[in-house]
Amino acid sequence: MSNNSKQFDADVLIVGSGVLGSLTATKLANAGKSVIILEAGPLIDRAEVFARYQKNFDLNDYDAPFPQLPYAQMWSTPGYIKQIGPKPFLAPYLRGVGGTTWHWASACWRLLPNDFQMKTLYGIGRDWPIFYDDLEPWYVDAEREIGVNGSDAEDQSGRNSGAFPPRSAPYPMTAQPFSSMNEKAKDILDSAGYPTIHEPNARASRDYDGRPACVGSNNCMPICPVGAQYSGERHADKAVAAGVKLITSAIVYKIELAGDKTVAALHYKTPTGESHRLTARRYVLAGHAIETPRLLLMSATDGAPNGVANSSGMVGRNLMNHPPTSITMVAKDELWPGRGPVQQNAVIPRRDGEFRSDRAASRHQVRNEAPNYAVTKGLLDEGVIGPSLDKQIAYRSARWLTIATVYEQLPDLNNRITLSAERRDALGLPSPDIFYDIDGYTQKAADEVFDRDYKDFARLFGGEMVSVSKEWGVQAHIMGTMIMGANAEDSVVDGFCRTHDHDNLFIASTGVMATASVVNPTLTGAALALRMAETIGKEV
């Protein structure tokens, strides 16, 4: 503990115990700083969650096996989030120790160097106030902390021009071998000009940091039954072991300001509504990219009428995602999906290039979930019963193929999170409203995929078409709502995740990302958080 912290409750007060908050807390505690984490949700027990999942099987709701509490509401809580835009934005997230990485598929991608300079290179979107080289050492640190496996030799840009992006250290673990299905799919796709590479991910391909090697349960979502896949409670536990005080069921509802540039305290409520006040030398908001802008907006005062850290008016705006589409078919030959992890590969013919000045990047993935449930339900809906049902289940399950696609999205001021004027949660706090739409930049990329790629895939696999999903979905990849930039007039945080408006307030969230690229944002968020933690550690 620093000598100057006696007048405060802690050197650093962190809101949220997900992967970014817990990484930050661990790094600061190991540097001798006193840290308190406030977590809105409860402790989560892996065995209890897995048992609930087995009893209440629901492929469509990954939140279902986890604790559902009235004081820690989530996207799935009826009536909590209201969709006020033309497109729904129902992105799953958890409130509990460890956060949403409890039920992720653990993809851990780096952005490409060009992703940081979209405005300069392609004339669209925004530039970051930092470059790839600034973040590269922190990508290395994040990969080691989380435990990422991947291939050091592959080109992740899709150009097939050698190892890329540049790395100063290898992945901590070698890539998992592809399942037999993914091997077959790779051979077919590569031969037709669709480069297929290993998706870097946070599953242990060998015993790593107390985690056993992946045994291929094919249950990465909603929960890895053996704990081979990283989840944020790993670093929450490490933080507590290093001396961090973790307070659960603590719902932060107010950021108290002292003057224009300084945060004075955080206020939180218990589930019974009792209020508490805590102070620190530095404050880190590491909650979800929907919940954190909600908190900033709820904290509006006479001195900050638009909300804390919101002199730019950008809090809640620029909401970005990786909207998905997909194609499902019954292939000509047996593939046998459902053995090994649910995600292993990426098909990236158009991740980066000059085309991005006109249309979005896209990324495909051959899905590997066991299809028995979907196959059986589809056959029953068709009226197939008796011996024919058994025969068709076996036939289709062996050949079932889903290729999913995600797309880049640009920051758009109109896509935003606001506070409801009418609806309140169980503690009487304003619920979020979300306006969300898809612009022509993203739609143009999807049109190309429908017109070319999906037709190619059906031809290559000799597929009997089951469905083509053209209705836009939403991923649990939420970015932009507290956007990073060099100019305080059009951004919320600077390149070190410090808010422009308040010197002692930082934000650790994928919500600070200035561009979305077309890959999962968690590793970038982790790298930014570790870089931010070093900055804070030097100041307290």
# chains A, B, ... in the order shown; residues from 1 in each chain; ligands from 1

$ residues_around --residues "Gly21 (chain A)" --least-positions-apart "5" --cutoff "12 Å" --atoms "only C-alpha atoms" --output "JSON, numbers by chain"
{"A": [12, 13, 14, 15, 16, 26, 27, 28, 35, 36, 37, 38, 39, 97, 98, 99, 100, 232, 233, 234, 235, 236, 237, 238, 239, 244, 246, 283, 284, 285, 286, 287, 288, 506, 507, 508, 509, 510, 525, 526, 527, 528, 529, 530, 532, 533]}

$ residues_around --residues "region 80-89 of chain A" --least-positions-apart "2" --cutoff "8 Å" --atoms "only C-alpha atoms" --output "list in words"
Gln73, Met74, Trp75, Ser76, Thr77, Pro78, Ala91, Arg423, Arg424, Asp425, Ser431, Pro432, Asp433, Ile434, Phe435, Tyr436, Asp437, Ile438, Trp472, Gly473 and Val474 of chain A

$ residues_around --residues "region 49-51 of chain A" --least-positions-apart "2" --cutoff "6 Å" --atoms "only C-alpha atoms" --output "PDB file with all heavy atoms, in the first residue's frame"
ATOM      1  N   ARG A  46     -18.640 -23.045 -10.821  1.00  0.00           N
ATOM      2  CA  ARG A  46     -18.654 -23.762 -12.094  1.00  0.00           C
ATOM      3  C   ARG A  46     -19.526 -25.022 -12.027  1.00  0.00           C
ATOM      4  O   ARG A  46     -20.330 -25.289 -12.921  1.00  0.00           O
ATOM      5  CB  ARG A  46     -17.232 -24.125 -12.513  1.00  0.00           C
ATOM      6  CG  ARG A  46     -17.147 -24.783 -13.894  1.00  0.00           C
ATOM      7  CD  ARG A  46     -15.695 -25.088 -14.258  1.00  0.00           C
ATOM      8  NE  ARG A  46     -14.887 -23.900 -14.253  1.00  0.00           N
ATOM      9  CZ  ARG A  46     -14.773 -23.046 -15.271  1.00  0.00           C
ATOM     10  NH1 ARG A  46     -15.424 -23.294 -16.398  1.00  0.00           N
ATOM     11  NH2 ARG A  46     -14.018 -21.974 -15.183  1.00  0.00           N
ATOM     12  N   ALA A  47     -19.367 -25.804 -10.971  1.00  0.00           N
ATOM     13  CA  ALA A  47     -20.105 -27.060 -10.870  1.00  0.00           C
ATOM     14  C   ALA A  47     -21.609 -26.821 -10.800  1.00  0.00           C
ATOM     15  O   ALA A  47     -22.401 -27.539 -11.420  1.00  0.00           O
ATOM     16  CB  ALA A  47     -19.637 -27.846  -9.649  1.00  0.00           C
ATOM     17  N   TYR A  53     -27.153 -26.291 -16.223  1.00  0.00           N
ATOM     18  CA  TYR A  53     -27.180 -26.407 -17.677  1.00  0.00           C
ATOM     19  C   TYR A  53     -27.662 -27.791 -18.106  1.00  0.00           C
ATOM     20  O   TYR A  53     -28.467 -27.933 -19.030  1.00  0.00           O
ATOM     21  CB  TYR A  53     -25.789 -26.131 -18.236  1.00  0.00           C
ATOM     22  CG  TYR A  53     -25.641 -26.427 -19.717  1.00  0.00           C
ATOM     23  CD1 TYR A  53     -26.313 -25.658 -20.656  1.00  0.00           C
ATOM     24  CD2 TYR A  53     -24.839 -27.468 -20.162  1.00  0.00           C
ATOM     25  CE1 TYR A  53     -26.182 -25.917 -22.011  1.00  0.00           C
ATOM     26  CE2 TYR A  53     -24.701 -27.735 -21.501  1.00  0.00           C
ATOM     27  CZ  TYR A  53     -25.372 -26.964 -22.426  1.00  0.00           C
ATOM     28  OH  TYR A  53     -25.257 -27.235 -23.760  1.00  0.00           O
ATOM     29  N   GLN A  54     -27.184 -28.823 -17.426  1.00  0.00           N
ATOM     30  CA  GLN A  54     -27.596 -30.180 -17.769  1.00  0.00           C
ATOM     31  C   GLN A  54     -29.084 -30.407 -17.524  1.00  0.00           C
ATOM     32  O   GLN A  54     -29.747 -31.139 -18.264  1.00  0.00           O
ATOM     33  CB  GLN A  54     -26.786 -31.197 -16.955  1.00  0.00           C
ATOM     34  CG  GLN A  54     -25.330 -31.306 -17.388  1.00  0.00           C
ATOM     35  CD  GLN A  54     -24.556 -32.300 -16.549  1.00  0.00           C
ATOM     36  OE1 GLN A  54     -24.527 -32.209 -15.326  1.00  0.00           O
ATOM     37  NE2 GLN A  54     -23.948 -33.269 -17.203  1.00  0.00           N
ATOM     38  N   PRO A  65     -28.109 -20.788 -17.425  1.00  0.00           N
ATOM     39  CA  PRO A  65     -27.630 -21.570 -16.275  1.00  0.00           C
ATOM     40  C   PRO A  65     -27.006 -20.721 -15.167  1.00  0.00           C
ATOM     41  O   PRO A  65     -26.732 -21.245 -14.083  1.00  0.00           O
ATOM     42  CB  PRO A  65     -26.559 -22.486 -16.893  1.00  0.00           C
ATOM     43  CG  PRO A  65     -26.700 -22.363 -18.361  1.00  0.00           C
ATOM     44  CD  PRO A  65     -27.288 -21.023 -18.614  1.00  0.00           C
ATOM     45  N   PHE A  66     -26.783 -19.441 -15.419  1.00  0.00           N
ATOM     46  CA  PHE A  66     -26.086 -18.594 -14.464  1.00  0.00           C
ATOM     47  C   PHE A  66     -27.079 -17.911 -13.528  1.00  0.00           C
ATOM     48  O   PHE A  66     -28.265 -17.819 -13.830  1.00  0.00           O
ATOM     49  CB  PHE A  66     -25.228 -17.565 -15.206  1.00  0.00           C
ATOM     50  CG  PHE A  66     -24.069 -18.174 -15.934  1.00  0.00           C
ATOM     51  CD1 PHE A  66     -24.213 -18.660 -17.224  1.00  0.00           C
ATOM     52  CD2 PHE A  66     -22.838 -18.298 -15.319  1.00  0.00           C
ATOM     53  CE1 PHE A  66     -23.152 -19.249 -17.904  1.00  0.00           C
ATOM     54  CE2 PHE A  66     -21.764 -18.888 -15.976  1.00  0.00           C
ATOM     55  CZ  PHE A  66     -21.923 -19.360 -17.267  1.00  0.00           C
TER      56      PHE A  66
END

$ residues_around --residues "Met482 (chain A)" --least-positions-apart "2" --cutoff "6 Å" --atoms "only C-alpha atoms" --output "PyMOL selection string"
chain A and resi 315+480+492+511-512

$ residues_around --residues "Glu539 (chain A)" --least-positions-apart "6" --cutoff "10 Å" --atoms "only C-alpha atoms" --output "list in words"
Asp11, Arg281, Arg282, Asn504 and Ala533 of chain A

$ closest_atom_pairs --of "region 32-124 of chain A" --to "region 130-137 of chain A" --cutoff "9 Å" --atoms "only C-alpha atoms" --output "JSON lines"
{"residue": "A:Arg110", "atom": "CA", "partner": "A:Glu136", "partner_atom": "CA", "distance": 8.8}
{"residue": "A:Leu111", "atom": "CA", "partner": "A:Tyr132", "partner_atom": "CA", "distance": 7.7}
{"residue": "A:Leu112", "atom": "CA", "partner": "A:Tyr132", "partner_atom": "CA", "distance": 7.1}
{"residue": "A:Pro113", "atom": "CA", "partner": "A:Tyr132", "partner_atom": "CA", "distance": 4.9}
{"residue": "A:Asn114", "atom": "CA", "partner": "A:Tyr132", "partner_atom": "CA", "distance": 8.1}
{"residue": "A:Asp115", "atom": "CA", "partner": "A:Tyr132", "partner_atom": "CA", "distance": 8.4}
{"residue": "A:Phe116", "atom": "CA", "partner": "A:Phe131", "partner_atom": "CA", "distance": 5.9}
{"residue": "A:Gln117", "atom": "CA", "partner": "A:Phe131", "partner_atom": "CA", "distance": 7.8}

$ closest_residue --among "A:Ala488, A:Val148, A:Val468, A:Ala289" --to "Tyr208 (chain A)" --atoms "only C-alpha atoms"
A:Val148

$ select_by_dssp --residues "region 228-388 of chain A" --states "strand (DSSP E)" --output "PyMOL selection string"
chain A and resi 245-247+251-257+263-269+275-278+280-285+324-330+345-347+362-366

$ closest_atom_pairs --of "region 86-195 of chain A" --to "region 346-359 of chain A" --cutoff "7 Å" --atoms "only C-alpha atoms" --output "tab-separated table"
residue	atom	partner	partner_atom	distance
A:Tyr122	CA	A:Ser357	CA	4.5
A:Gly123	CA	A:Ser357	CA	6.2
A:Ile124	CA	A:Ser357	CA	6.4
A:Ser157	CA	A:Arg351	CA	5.6
A:Gly158	CA	A:Ile348	CA	5.1
A:Tyr194	CA	A:Pro349	CA	5.5
A:Pro195	CA	A:Val347	CA	5.6

$ residues_around --residues "Ala228 (chain A)" --least-positions-apart "6" --cutoff "7 Å" --atoms "only C-alpha atoms" --output "VMD selection string"
chain A and resid 203 to 204 211 to 214

$ closest_residue --among "A:Phe8, A:Tyr230, A:Trp336, A:Trp400" --to "Val466 (chain A)" --atoms "only C-alpha atoms"
A:Trp400

$ closest_atom_pairs --of "region 208-282 of chain A" --to "region 102-109 of chain A" --cutoff "10 Å" --atoms "only C-alpha atoms" --output "JSON lines"
{"residue": "A:Asn219", "atom": "CA", "partner": "A:Ala105", "partner_atom": "CA", "distance": 9.2}
{"residue": "A:Cys220", "atom": "CA", "partner": "A:Ala105", "partner_atom": "CA", "distance": 5.7}
{"residue": "A:Met221", "atom": "CA", "partner": "A:His103", "partner_atom": "CA", "distance": 5.1}
{"residue": "A:Pro222", "atom": "CA", "partner": "A:His103", "partner_atom": "CA", "distance": 4.4}
{"residue": "A:Ile223", "atom": "CA", "partner": "A:His103", "partner_atom": "CA", "distance": 5.2}
{"residue": "A:Cys224", "atom": "CA", "partner": "A:His103", "partner_atom": "CA", "distance": 7.9}
{"residue": "A:Gly227", "atom": "CA", "partner": "A:Trp102", "partner_atom": "CA", "distance": 9.8}
{"residue": "A:Gln229", "atom": "CA", "partner": "A:Ser106", "partner_atom": "CA", "distance": 7.0}
{"residue": "A:Tyr230", "atom": "CA", "partner": "A:Ser106", "partner_atom": "CA", "distance": 7.1}
{"residue": "A:Ser231", "atom": "CA", "partner": "A:Trp102", "partner_atom": "CA", "distance": 5.1}
{"residue": "A:Gly232", "atom": "CA", "partner": "A:Trp102", "partner_atom": "CA", "distance": 6.9}
{"residue": "A:Glu233", "atom": "CA", "partner": "A:Trp102", "partner_atom": "CA", "distance": 8.0}

$ write_last_selection --atoms "C-alpha atoms" --output "PDB file, in the first residue's frame"
ATOM      1  CA  ASN A 219     -19.409 -27.391 -24.433  1.00  0.00           C
ATOM      2  CA  CYS A 220     -17.334 -24.186 -24.529  1.00  0.00           C
ATOM      3  CA  MET A 221     -20.590 -22.232 -24.414  1.00  0.00           C
ATOM      4  CA  PRO A 222     -22.292 -21.783 -22.041  1.00  0.00           C
ATOM      5  CA  ILE A 223     -19.571 -23.217 -19.773  1.00  0.00           C
ATOM      6  CA  CYS A 224     -16.408 -25.300 -20.028  1.00  0.00           C
ATOM      7  CA  GLY A 227     -12.043 -25.286 -16.706  1.00  0.00           C
ATOM      8  CA  GLN A 229     -11.002 -22.541 -21.135  1.00  0.00           C
ATOM      9  CA  TYR A 230     -10.028 -19.270 -19.480  1.00  0.00           C
ATOM     10  CA  SER A 231     -12.671 -17.243 -17.706  1.00  0.00           C
ATOM     11  CA  GLY A 232     -12.348 -14.006 -15.771  1.00  0.00           C
ATOM     12  CA  GLU A 233     -12.766 -15.495 -12.295  1.00  0.00           C
TER      13      GLU A 233
END

$ closest_residue --among "A:Met314, A:Leu335, A:Leu380, A:Ala10" --to "Val366 (chain A)" --atoms "only C-alpha atoms"
A:Leu335

$ closest_residue --among "A:Val330, A:Asp207, A:Ala202, A:Ile255" --to "Gly307 (chain A)" --atoms "only C-alpha atoms"
A:Ile255

$ closest_atom_pairs --of "region 295-373 of chain A" --to "region 263-272 of chain A" --cutoff "12 Å" --atoms "only C-alpha atoms" --output "tab-separated table"
residue	atom	partner	partner_atom	distance
A:Leu295	CA	A:Leu266	CA	10.6
A:Leu296	CA	A:Leu266	CA	11.3
A:Met298	CA	A:His267	CA	11.8
A:Ser299	CA	A:Leu266	CA	9.9
A:Gly303	CA	A:Val263	CA	11.9
A:Ala304	CA	A:Val263	CA	11.5
A:Val308	CA	A:Val263	CA	9.1
A:Ala309	CA	A:Val263	CA	10.0

$ write_last_selection --atoms "N, CA, C and O atoms" --output "short mmCIF file (atom, residue, chain, number, x, y, z; two decimals), in the first residue's frame"
data_model
loop_
_atom_site.label_atom_id
_atom_site.label_comp_id
_atom_site.auth_asym_id
_atom_site.auth_seq_id
_atom_site.Cartn_x
_atom_site.Cartn_y
_atom_site.Cartn_z
N LEU A 295 -23.88 3.86 -16.24
CA LEU A 295 -23.45 4.47 -14.99
C LEU A 295 -22.99 5.91 -15.19
O LEU A 295 -23.34 6.81 -14.40
N LEU A 296 -22.22 6.15 -16.23
CA LEU A 296 -21.75 7.52 -16.50
C LEU A 296 -22.92 8.47 -16.73
O LEU A 296 -22.92 9.61 -16.24
N MET A 298 -26.06 8.03 -15.66
CA MET A 298 -26.83 8.14 -14.41
C MET A 298 -26.21 9.12 -13.43
O MET A 298 -26.89 9.63 -12.53
N SER A 299 -24.91 9.38 -13.58
CA SER A 299 -24.18 10.21 -12.61
C SER A 299 -24.19 11.69 -12.96
O SER A 299 -23.41 12.47 -12.40
N GLY A 303 -22.79 20.09 -12.41
CA GLY A 303 -21.48 20.35 -12.99
C GLY A 303 -21.18 19.50 -14.21
O GLY A 303 -20.29 19.83 -14.99
N ALA A 304 -21.92 18.41 -14.37
CA ALA A 304 -21.76 17.52 -15.52
C ALA A 304 -23.16 17.12 -15.99
O ALA A 304 -23.60 15.99 -15.77
N VAL A 308 -21.14 12.01 -16.33
CA VAL A 308 -19.71 12.05 -16.04
C VAL A 308 -18.92 11.64 -17.29
O VAL A 308 -19.34 10.76 -18.05
N ALA A 309 -17.78 12.31 -17.52
CA ALA A 309 -16.87 12.03 -18.64
C ALA A 309 -17.54 12.26 -19.98
O ALA A 309 -17.11 11.70 -20.99
#

$ closest_residue --among "A:Ser311, A:Ser168, A:Thr292, A:Thr24" --to "His500 (chain A)" --atoms "only C-alpha atoms"
A:Ser311

$ closest_residue --among "A:Ile247, A:Ala192, A:Ala374, A:Leu257" --to "Leu460 (chain A)" --atoms "only C-alpha atoms"
A:Ala192

$ residues_around --residues "Asn149 (chain A)" --least-positions-apart "4" --cutoff "6 Å" --atoms "only C-alpha atoms" --output "PyMOL selection string"
chain A and resi 171+173-175+200-201
